[in-house]
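Reproduced below: model38.txt, with compact mmCIF, C-alpha atoms.
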```txt
# COMPACT_ATOMS: atom_id res chain seq x y z
CA MET A 1 -20.74 -4.14 -18.43
CA GLY A 2 -21.48 -6.24 -15.40
CA GLU A 3 -23.04 -4.84 -12.26
CA ARG A 4 -20.32 -6.57 -10.22
CA LEU A 5 -17.51 -4.77 -12.03
CA GLU A 6 -19.32 -1.44 -11.58
CA GLN A 7 -19.50 -2.08 -7.83
CA GLN A 8 -15.88 -3.20 -7.64
CA VAL A 9 -14.66 -0.13 -9.52
CA ALA A 10 -16.78 2.17 -7.33
CA PHE A 11 -15.10 0.59 -4.28
CA LEU A 12 -11.60 1.04 -5.76
CA VAL A 13 -12.31 4.70 -6.52
CA GLU A 14 -13.81 5.29 -3.06
CA ILE A 15 -10.83 3.82 -1.23
CA ASP A 16 -8.55 6.26 -3.03
CA ARG A 17 -9.54 8.56 -0.17
CA LEU A 18 -7.43 6.55 2.27
CA LYS A 19 -4.41 8.20 0.63
CA GLY A 20 -5.61 11.45 2.16
CA VAL A 21 -5.91 10.16 5.75
CA LEU A 22 -2.81 11.33 7.62
CA ARG A 23 -1.13 9.55 10.52
CA GLN A 24 1.13 11.09 13.17
CA THR A 25 4.26 9.33 11.90
CA LEU A 26 6.55 10.99 9.40
CA ILE A 27 7.92 9.03 6.48
CA THR A 28 11.67 8.61 6.89
CA GLY A 29 13.94 11.23 5.34
CA SER A 30 11.07 13.70 4.94
CA GLU A 31 8.91 16.15 6.83
CA ARG A 32 5.80 14.62 5.28
CA ARG A 33 3.28 12.78 7.45
CA GLU A 34 2.54 9.23 6.45
CA ASN A 35 -0.91 8.41 5.07
CA SER A 36 -2.86 5.28 5.89
CA ALA A 37 -2.71 3.85 2.36
CA GLU A 38 1.07 3.79 2.14
CA HIS A 39 1.20 2.50 5.74
CA SER A 40 -1.09 -0.36 4.71
CA TRP A 41 1.25 -1.27 1.87
CA GLN A 42 4.30 -1.44 4.14
CA PHE A 43 2.30 -3.38 6.71
CA ALA A 44 1.24 -5.95 4.11
CA LEU A 45 4.84 -6.50 3.02
CA ALA A 46 5.91 -6.79 6.66
CA ALA A 47 3.19 -9.41 7.13
CA LEU A 48 4.63 -11.46 4.26
CA LEU A 49 8.18 -11.23 5.63
CA LEU A 50 8.00 -11.54 9.42
CA ALA A 51 5.71 -14.53 9.97
CA GLU A 52 8.59 -16.64 11.27
CA HIS A 53 8.69 -14.35 14.33
CA ALA A 54 5.03 -14.83 15.31
CA ASN A 55 4.39 -16.67 18.58
CA GLU A 56 2.17 -19.19 16.83
CA PRO A 57 2.17 -20.56 13.26
CA VAL A 58 0.34 -18.03 11.09
CA ASP A 59 -0.96 -17.78 7.53
CA ALA A 60 1.18 -14.86 6.35
CA LEU A 61 -1.05 -14.24 3.34
CA LYS A 62 -4.10 -13.89 5.53
CA ALA A 63 -2.27 -11.39 7.73
CA ALA A 64 -1.24 -9.48 4.59
CA ARG A 65 -4.88 -9.35 3.48
CA MET A 66 -5.81 -8.00 6.90
CA ALA A 67 -3.14 -5.33 6.50
CA LEU A 68 -4.61 -4.22 3.16
CA VAL A 69 -8.08 -3.68 4.65
CA HIS A 70 -7.34 -2.84 8.30
CA ASP A 71 -7.46 0.96 7.90
CA LEU A 72 -10.23 1.34 5.30
CA VAL A 73 -12.66 2.49 8.01
CA GLU A 74 -10.46 5.56 8.51
CA ILE A 75 -11.91 6.97 5.28
CA ASP A 76 -14.92 7.92 7.40
CA ALA A 77 -13.61 7.61 10.95
CA GLY A 78 -10.16 9.19 10.59
CA ASP A 79 -6.92 7.96 12.09
CA THR A 80 -6.76 7.78 15.89
CA PHE A 81 -3.32 8.30 17.41
CA VAL A 82 -2.49 5.26 19.51
CA TYR A 83 -1.58 7.50 22.47
CA ASP A 84 -4.83 9.55 22.32
CA THR A 85 -6.83 7.75 25.02
CA ALA A 86 -9.88 10.03 24.85
CA ALA A 87 -10.34 9.66 21.09
CA ARG A 88 -9.95 5.90 21.27
CA VAL A 89 -13.09 5.56 23.40
CA GLN A 90 -15.41 6.66 20.59
CA GLN A 91 -13.25 5.13 17.89
CA ALA A 92 -14.90 1.71 17.88
CA GLU A 93 -18.37 3.07 17.25
CA ARG A 94 -17.27 5.36 14.43
CA GLU A 95 -15.31 2.56 12.82
CA GLN A 96 -18.21 0.12 12.91
CA ALA A 97 -20.41 2.63 11.08
CA ALA A 98 -17.62 3.21 8.55
CA ALA A 99 -17.23 -0.51 7.94
CA ASP A 100 -20.99 -0.83 7.40
CA ARG A 101 -20.84 1.79 4.65
CA ILE A 102 -17.53 1.12 2.92
CA PHE A 103 -17.48 -2.67 2.56
CA ALA A 104 -21.11 -2.56 1.36
CA LEU A 105 -19.96 -0.82 -1.83
CA LEU A 106 -18.69 -4.22 -3.02
CA PRO A 107 -20.76 -7.16 -4.30
CA ALA A 108 -22.24 -8.92 -1.26
CA ASP A 109 -19.87 -11.92 -1.26
CA GLN A 110 -16.76 -9.75 -1.38
CA ALA A 111 -18.20 -7.28 1.13
CA ALA A 112 -18.74 -10.15 3.56
CA GLU A 113 -15.25 -11.54 2.95
CA LEU A 114 -13.45 -8.25 3.57
CA ARG A 115 -15.67 -7.36 6.50
CA ALA A 116 -14.89 -10.73 8.11
CA LEU A 117 -11.17 -10.07 7.70
CA TRP A 118 -11.51 -6.64 9.30
CA ASP A 119 -13.69 -7.98 12.15
CA GLU A 120 -11.13 -10.71 12.80
CA PHE A 121 -8.30 -8.17 12.89
CA GLU A 122 -10.23 -5.89 15.24
CA ALA A 123 -11.15 -8.72 17.61
CA GLY A 124 -7.52 -9.81 17.81
CA ALA A 125 -8.52 -13.32 18.85
CA THR A 126 -6.77 -15.43 16.19
CA PRO A 127 -3.04 -16.02 15.66
CA GLU A 128 -3.14 -14.01 12.40
CA ALA A 129 -4.91 -11.07 14.05
CA ARG A 130 -2.49 -11.04 16.99
CA TYR A 131 0.47 -11.19 14.59
CA ALA A 132 -1.00 -8.44 12.41
CA LYS A 133 -1.67 -6.20 15.41
CA ALA A 134 1.93 -6.66 16.53
CA LEU A 135 3.13 -5.46 13.11
CA ASP A 136 0.73 -2.53 13.15
CA ARG A 137 2.43 -1.41 16.39
CA LEU A 138 5.97 -2.27 15.29
CA LEU A 139 5.95 -0.14 12.13
CA PRO A 140 5.29 3.25 13.79
CA VAL A 141 7.97 2.47 16.40
CA LEU A 142 10.41 1.78 13.55
CA LEU A 143 9.44 4.90 11.61
CA ASN A 144 9.42 7.08 14.71
CA TYR A 145 12.91 5.89 15.58
CA HIS A 146 14.13 6.49 12.04
CA SER A 147 12.63 9.99 11.96
CA ARG A 148 14.42 10.82 15.25
CA GLY A 149 11.32 10.47 17.40
CA HIS A 150 9.35 13.22 15.67
CA ALA A 151 5.80 12.04 16.50
CA TRP A 152 6.73 11.09 20.08
CA ARG A 153 8.30 14.48 20.77
CA ALA A 154 5.58 16.43 18.93
CA HIS A 155 2.97 14.92 21.25
CA GLY A 156 5.04 14.75 24.46
CA VAL A 157 4.85 10.97 24.54
CA THR A 158 7.37 9.48 26.96
CA ALA A 159 9.16 6.14 26.91
CA ASP A 160 7.03 4.66 29.70
CA ARG A 161 3.89 5.24 27.61
CA VAL A 162 5.54 3.94 24.44
CA ARG A 163 6.44 0.77 26.35
CA ALA A 164 2.99 0.45 27.95
CA VAL A 165 1.11 0.83 24.65
CA ASN A 166 3.44 -1.33 22.59
CA SER A 167 4.16 -4.15 25.01
CA ARG A 168 0.93 -5.77 23.75
CA MET A 169 3.01 -6.53 20.66
CA ALA A 170 4.26 -9.51 22.69
CA GLU A 171 0.81 -11.14 22.41
CA GLY A 172 1.48 -11.64 18.70
CA SER A 173 5.25 -11.85 18.69
CA ALA A 174 7.58 -11.93 21.67
CA ALA A 175 10.53 -11.64 19.28
CA LEU A 176 9.22 -8.44 17.66
CA TRP A 177 8.46 -6.93 21.07
CA ASP A 178 12.02 -7.75 22.18
CA TYR A 179 13.28 -5.94 19.10
CA ALA A 180 10.97 -2.94 19.58
CA SER A 181 11.76 -2.75 23.27
CA ALA A 182 15.48 -2.54 22.54
CA LEU A 183 14.78 0.13 19.91
CA ILE A 184 12.79 2.18 22.43
CA ASP A 185 15.76 2.00 24.83
CA ARG A 186 18.02 3.12 22.01
CA ALA A 187 15.63 6.01 21.21
CA VAL A 188 15.97 7.18 24.82
CA ALA A 189 19.76 6.83 24.68
CA ASP A 190 19.87 8.74 21.40
CA GLY A 191 17.73 11.58 22.80
CA TYR A 192 14.76 10.90 20.46
CA LEU A 193 12.43 10.05 23.34
CA HIS A 194 12.24 11.24 26.98
CA GLU A 195 12.18 8.55 29.66
CA ARG A 196 9.36 10.37 31.52
CA SER A 197 7.72 13.78 31.33
CA GLU A 198 9.75 16.60 32.82
CA GLY A 199 8.37 19.02 35.38
CA MET B 1 18.62 -10.49 18.17
CA GLY B 2 18.68 -12.64 15.11
CA GLU B 3 20.59 -11.67 12.02
CA ARG B 4 17.50 -12.47 9.93
CA LEU B 5 15.32 -9.99 11.81
CA GLU B 6 18.03 -7.33 11.46
CA GLN B 7 18.03 -7.87 7.69
CA GLN B 8 14.23 -7.88 7.47
CA VAL B 9 13.95 -4.64 9.44
CA ALA B 10 16.65 -3.00 7.32
CA PHE B 11 14.61 -3.92 4.24
CA LEU B 12 11.38 -2.54 5.74
CA VAL B 13 13.12 0.73 6.60
CA GLU B 14 14.75 0.97 3.17
CA ILE B 15 11.48 0.47 1.29
CA ASP B 16 9.98 3.42 3.18
CA ARG B 17 11.61 5.43 0.39
CA LEU B 18 9.02 4.18 -2.12
CA LYS B 19 6.59 6.59 -0.41
CA GLY B 20 8.68 9.40 -1.87
CA VAL B 21 8.61 8.19 -5.49
CA LEU B 22 6.01 10.26 -7.31
CA ARG B 23 3.89 9.13 -10.25
CA GLN B 24 2.18 11.32 -12.83
CA THR B 25 -1.34 10.53 -11.61
CA LEU B 26 -3.06 12.71 -9.03
CA ILE B 27 -4.94 11.14 -6.16
CA THR B 28 -8.65 11.83 -6.59
CA GLY B 29 -10.07 14.94 -4.96
CA SER B 30 -6.62 16.48 -4.50
CA GLU B 31 -3.81 18.24 -6.32
CA ARG B 32 -1.29 15.83 -4.82
CA ARG B 33 0.59 13.41 -7.06
CA GLU B 34 0.26 9.77 -6.17
CA ASN B 35 3.31 7.94 -4.83
CA SER B 36 4.29 4.41 -5.76
CA ALA B 37 3.72 2.97 -2.26
CA GLU B 38 0.07 4.00 -2.04
CA HIS B 39 -0.41 2.92 -5.66
CA SER B 40 0.96 -0.52 -4.74
CA TRP B 41 -1.55 -0.79 -1.89
CA GLN B 42 -4.51 0.00 -4.16
CA PHE B 43 -3.14 -2.36 -6.80
CA ALA B 44 -2.89 -5.21 -4.27
CA LEU B 45 -6.50 -4.73 -3.19
CA ALA B 46 -7.59 -4.58 -6.83
CA ALA B 47 -5.75 -7.87 -7.40
CA LEU B 48 -7.72 -9.51 -4.57
CA LEU B 49 -11.04 -8.23 -5.91
CA LEU B 50 -10.96 -8.44 -9.71
CA ALA B 51 -9.62 -11.95 -10.36
CA GLU B 52 -12.98 -13.11 -11.72
CA HIS B 53 -12.41 -10.78 -14.70
CA ALA B 54 -9.03 -12.28 -15.70
CA ASN B 55 -8.93 -14.13 -19.02
CA GLU B 56 -7.54 -17.24 -17.36
CA PRO B 57 -7.94 -18.67 -13.85
CA VAL B 58 -5.48 -16.82 -11.61
CA ASP B 59 -4.18 -17.07 -8.06
CA ALA B 60 -5.38 -13.69 -6.78
CA LEU B 61 -3.10 -13.82 -3.75
CA LYS B 62 -0.06 -14.31 -5.95
CA ALA B 63 -1.08 -11.32 -8.07
CA ALA B 64 -1.52 -9.29 -4.87
CA ARG B 65 1.99 -10.24 -3.76
CA MET B 66 3.28 -9.13 -7.17
CA ALA B 67 1.50 -5.82 -6.66
CA LEU B 68 3.21 -5.28 -3.31
CA VAL B 69 6.71 -5.71 -4.79
CA HIS B 70 6.26 -4.58 -8.40
CA ASP B 71 7.47 -1.00 -7.90
CA LEU B 72 10.21 -1.50 -5.31
CA VAL B 73 12.87 -1.05 -7.98
CA GLU B 74 11.66 2.54 -8.39
CA ILE B 75 13.43 3.39 -5.13
CA ASP B 76 16.60 3.49 -7.23
CA ALA B 77 15.28 3.68 -10.80
CA GLY B 78 12.43 6.17 -10.37
CA ASP B 79 8.97 5.99 -11.90
CA THR B 80 8.79 5.98 -15.68
CA PHE B 81 5.66 7.53 -17.18
CA VAL B 82 4.00 4.93 -19.38
CA TYR B 83 3.80 7.43 -22.26
CA ASP B 84 7.50 8.43 -22.06
CA THR B 85 8.92 6.23 -24.83
CA ALA B 86 12.50 7.52 -24.61
CA ALA B 87 12.80 6.91 -20.86
CA ARG B 88 11.34 3.44 -21.17
CA VAL B 89 14.26 2.27 -23.32
CA GLN B 90 16.78 2.54 -20.47
CA GLN B 91 14.27 1.63 -17.82
CA ALA B 92 14.85 -2.13 -17.91
CA GLU B 93 18.58 -1.84 -17.25
CA ARG B 94 18.16 0.58 -14.36
CA GLU B 95 15.47 -1.58 -12.81
CA GLN B 96 17.54 -4.76 -12.99
CA ALA B 97 20.36 -3.04 -11.11
CA ALA B 98 17.87 -1.76 -8.54
CA ALA B 99 16.41 -5.23 -8.04
CA ASP B 100 19.91 -6.64 -7.51
CA ARG B 101 20.52 -4.18 -4.69
CA ILE B 102 17.14 -3.92 -2.95
CA PHE B 103 15.99 -7.54 -2.71
CA ALA B 104 19.49 -8.53 -1.52
CA LEU B 105 18.87 -6.61 1.72
CA LEU B 106 16.67 -9.53 2.81
CA PRO B 107 17.78 -12.99 4.00
CA ALA B 108 18.71 -15.01 0.92
CA ASP B 109 15.59 -17.19 0.84
CA GLN B 110 13.22 -14.22 1.03
CA ALA B 111 15.33 -12.20 -1.41
CA ALA B 112 15.03 -15.03 -3.93
CA GLU B 113 11.29 -15.36 -3.34
CA LEU B 114 10.52 -11.67 -3.86
CA ARG B 115 12.92 -11.39 -6.77
CA ALA B 116 11.22 -14.33 -8.48
CA LEU B 117 7.83 -12.64 -8.03
CA TRP B 118 9.16 -9.42 -9.53
CA ASP B 119 10.86 -11.23 -12.43
CA GLU B 120 7.62 -13.08 -13.15
CA PHE B 121 5.65 -9.83 -13.15
CA GLU B 122 8.16 -8.14 -15.44
CA ALA B 123 8.25 -11.04 -17.91
CA GLY B 124 4.45 -11.04 -18.12
CA ALA B 125 4.40 -14.65 -19.27
CA THR B 126 2.10 -16.24 -16.65
CA PRO B 127 -1.65 -15.74 -16.12
CA GLU B 128 -0.99 -13.93 -12.81
CA ALA B 129 1.56 -11.59 -14.38
CA ARG B 130 -0.73 -10.78 -17.31
CA TYR B 131 -3.61 -10.14 -14.92
CA ALA B 132 -1.42 -7.98 -12.65
CA LYS B 133 -0.11 -5.97 -15.59
CA ALA B 134 -3.69 -5.31 -16.72
CA LEU B 135 -4.51 -3.93 -13.25
CA ASP B 136 -1.37 -1.81 -13.23
CA ARG B 137 -2.67 -0.17 -16.40
CA LEU B 138 -6.30 0.01 -15.32
CA LEU B 139 -5.68 1.96 -12.10
CA PRO B 140 -4.08 5.06 -13.67
CA VAL B 141 -6.86 5.17 -16.29
CA LEU B 142 -9.39 5.13 -13.45
CA LEU B 143 -7.57 7.77 -11.42
CA ASN B 144 -6.92 9.95 -14.46
CA TYR B 145 -10.58 9.85 -15.35
CA HIS B 146 -11.61 10.67 -11.79
CA SER B 147 -9.17 13.57 -11.62
CA ARG B 148 -10.62 15.00 -14.86
CA GLY B 149 -7.74 13.83 -17.05
CA HIS B 150 -5.07 15.82 -15.23
CA ALA B 151 -2.02 13.70 -16.12
CA TRP B 152 -3.16 13.19 -19.72
CA ARG B 153 -3.67 16.89 -20.29
CA ALA B 154 -0.51 17.93 -18.41
CA HIS B 155 1.55 15.79 -20.79
CA GLY B 156 -0.47 16.34 -23.98
CA VAL B 157 -1.38 12.67 -24.19
CA THR B 158 -4.21 12.04 -26.65
CA ALA B 159 -6.89 9.36 -26.70
CA ASP B 160 -5.27 7.41 -29.52
CA ARG B 161 -2.10 6.99 -27.43
CA VAL B 162 -4.06 6.12 -24.31
CA ARG B 163 -5.83 3.41 -26.30
CA ALA B 164 -2.60 2.16 -27.92
CA VAL B 165 -0.72 1.88 -24.62
CA ASN B 166 -3.58 0.42 -22.61
CA SER B 167 -5.07 -2.00 -25.11
CA ARG B 168 -2.46 -4.51 -23.90
CA MET B 169 -4.68 -4.74 -20.83
CA ALA B 170 -6.73 -7.18 -22.93
CA GLU B 171 -3.90 -9.74 -22.73
CA GLY B 172 -4.71 -10.15 -19.03
CA SER B 173 -8.38 -9.27 -19.02
CA ALA B 174 -10.61 -8.57 -21.99
CA ALA B 175 -13.36 -7.50 -19.56
CA LEU B 176 -11.20 -4.89 -17.87
CA TRP B 177 -10.02 -3.55 -21.22
CA ASP B 178 -13.65 -3.26 -22.34
CA TYR B 179 -14.36 -1.27 -19.21
CA ALA B 180 -11.28 0.94 -19.62
CA SER B 181 -11.96 1.48 -23.30
CA ALA B 182 -15.46 2.75 -22.54
CA LEU B 183 -14.04 5.01 -19.83
CA ILE B 184 -11.53 6.48 -22.30
CA ASP B 185 -14.41 7.23 -24.70
CA ARG B 186 -16.25 8.88 -21.83
CA ALA B 187 -13.15 10.93 -20.96
CA VAL B 188 -13.13 12.26 -24.53
CA ALA B 189 -16.87 13.02 -24.39
CA ASP B 190 -16.42 14.77 -21.03
CA GLY B 191 -13.55 16.89 -22.38
CA TYR B 192 -10.91 15.33 -20.07
CA LEU B 193 -8.92 13.93 -22.98
CA HIS B 194 -8.36 15.14 -26.56
CA GLU B 195 -9.07 12.64 -29.33
CA ARG B 196 -5.84 13.62 -31.13
CA SER B 197 -3.29 16.40 -30.89
CA GLU B 198 -4.41 19.72 -32.30
CA GLY B 199 -2.40 21.68 -34.80
```

Show how you would write the structure in this file as structure tokens.
Amino acid sequence: MGERLEQQVAFLVEIDRLKGVLRQTLITGSERRENSAEHSWQFALAALLLAEHANEPVDALKAARMALVHDLVEIDAGDTFVYDTAARVQQAEREQAAADRIFALLPADQAAELRALWDEFEAGATPEARYAKALDRLLPVLLNYHSRGHAWRAHGVTADRVRAVNSRMAEGSAALWDYASALIDRAVADGYLHERSEG
Amino acid sequence: MGERLEQQVAFLVEIDRLKGVLRQTLITGSERRENSAEHSWQFALAALLLAEHANEPVDALKAARMALVHDLVEIDAGDTFVYDTAARVQQAEREQAAADRIFALLPADQAAELRALWDEFEAGATPEARYAKALDRLLPVLLNYHSRGHAWRAHGVTADRVRAVNSRMAEGSAALWDYASALIDRAVADGYLHERSEG
């Protein structure tokens, strides 16, 4: 059997570990925390479906490919909660080291291709990356709303912080930020999210 | 807010339920059963990476899109174990009804587009569908091997049946079937899989 196929299979087996990386969001209708693999799947489908709402014309397939690879570094670096400011400082360094190891499992041409996609997503400097980052913020807002604000309440996150962190969604899609912003207001009205911390 | 975005979001929330549909395979390094959403993610990445092994030239991105939607019908119809012959008889009817309901949540143009992808995958009559179906068979063989044959042993599935069911992989990729066939032999040698039923 070819060396390339051996490397590709080793990569596919290694990335199985992303199914064990837990996020703070719950899946809807369940007490189970979402993992980064199933999140990546939903993100990729969202990328295929919501491109018409991006601020700029985007290649939806490229954004979907970004979605599939965007969290692979978490196999080594873990998931960092978007509201955990302290952890996010060291996150970039840990994720770079993870990318160096994980993508290198593949044949060199494919390693370079996936690494370039991930770098582009991280840099957030192209229309596709801005669109993809908007979706990566939209989905947890959706799931948090539809699990009655579980992750927000569990971590004492207030509406002002949810708005501050997620308003960057507008850089990729003003329409999706309008939607999310209205949903955050509704979460406050429904009692799923506190407007500001009490006491 | 636009009616289209409302429909698209309703679809994205509805498909969250695929994360609760359990397959027979275990994720590697764990006792947890795999769900169909995380399987679809791994399948989509495999589709992007293994196209060079398909029997015919294939559009890898189209196969990846098939992967993302191929199990959505399981939200209503459930997962059918590939070795459960009785259940597979009624599977097609249940899945058609599920497709009618789930894709119709989307705006009509996107519903038609995703439905066409799913129909093409199911029919297995194009190079991309044959390639995708080969991957959909390859992944559980890989994961079963790397979880020491758990699902095979739990259901008393023997090597002759594993070979019979999975040899159709060769219709999409002779190279991947060669690989899988060797892995099945190794599973027998390693004691993860019985050659035939005993007694």

Give me the residues within 8 Å of B:His53 as a list of chain:residue names, counting all atoms listed in the file and dropping any in the same chain fewer than 3 places off.
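My list of contacting residues is B:Leu50, B:Ser173, B:Ala174, B:Ala175, B:Leu176.
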
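We find atom CA of A:Tyr83 and atom CA of A:Arg153 to be spaced 12.2 Å apart.
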
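The closest residue to B:Trp177, picked from B:Val9, B:Ala112, B:Leu106, B:Ala54 and counting only C-alpha atoms, is B:Ala54.
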
Atom pair atom CA of A:Glu95 / atom CA of A:His146: separation (Å)
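Separation between atom CA of A:Glu95 and atom CA of A:His146: 29.7 Å.
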
Using all atoms listed in the file, I'd like a table of the residues in chain B that come within 6 Å of chain A; for each, show the closest atom pair and its distance in Å rounded to one decimal, ordered by chain and ascending number, as JSON lines.
```
{"residue": "B:Ala37", "atom": "CA", "partner": "A:Glu38", "partner_atom": "CA", "distance": 5.2}
{"residue": "B:Glu38", "atom": "CA", "partner": "A:Glu38", "partner_atom": "CA", "distance": 4.3}
{"residue": "B:Trp41", "atom": "CA", "partner": "A:Trp41", "partner_atom": "CA", "distance": 4.7}
```

What does the distance between atom CA of B:Gln91 and atom CA of B:Arg161 come to in Å, to one decimal place?
19.7 Å

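Of the listed residues (B:Glu31, B:Ala63, B:Gly149, B:Ala154), B:Gly149 comes nearest to B:Asp190; the distances count all atoms listed in the file.
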
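The nearest approach to B:Asp71 among the residues B:Glu122, B:Asp185, B:Asp160, B:Glu3, with only C-alpha atoms taken into account, belongs to B:Glu122.
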
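Using all atoms listed in the file, the nearest neighbour of B:Ser147 within the list B:Leu193, B:Ala180, B:Ala77, B:Met66 is B:Leu193.
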
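For B:Gly78, the non-local neighbours within 9 Å, defined as residues at least 2 positions apart in the same chain or in other chains and counting all atoms listed in the file, are Val21, Leu22, Val73, Glu74, Ile75, Asp76, Thr80, Gln91, Arg94 and Glu95 of chain B.
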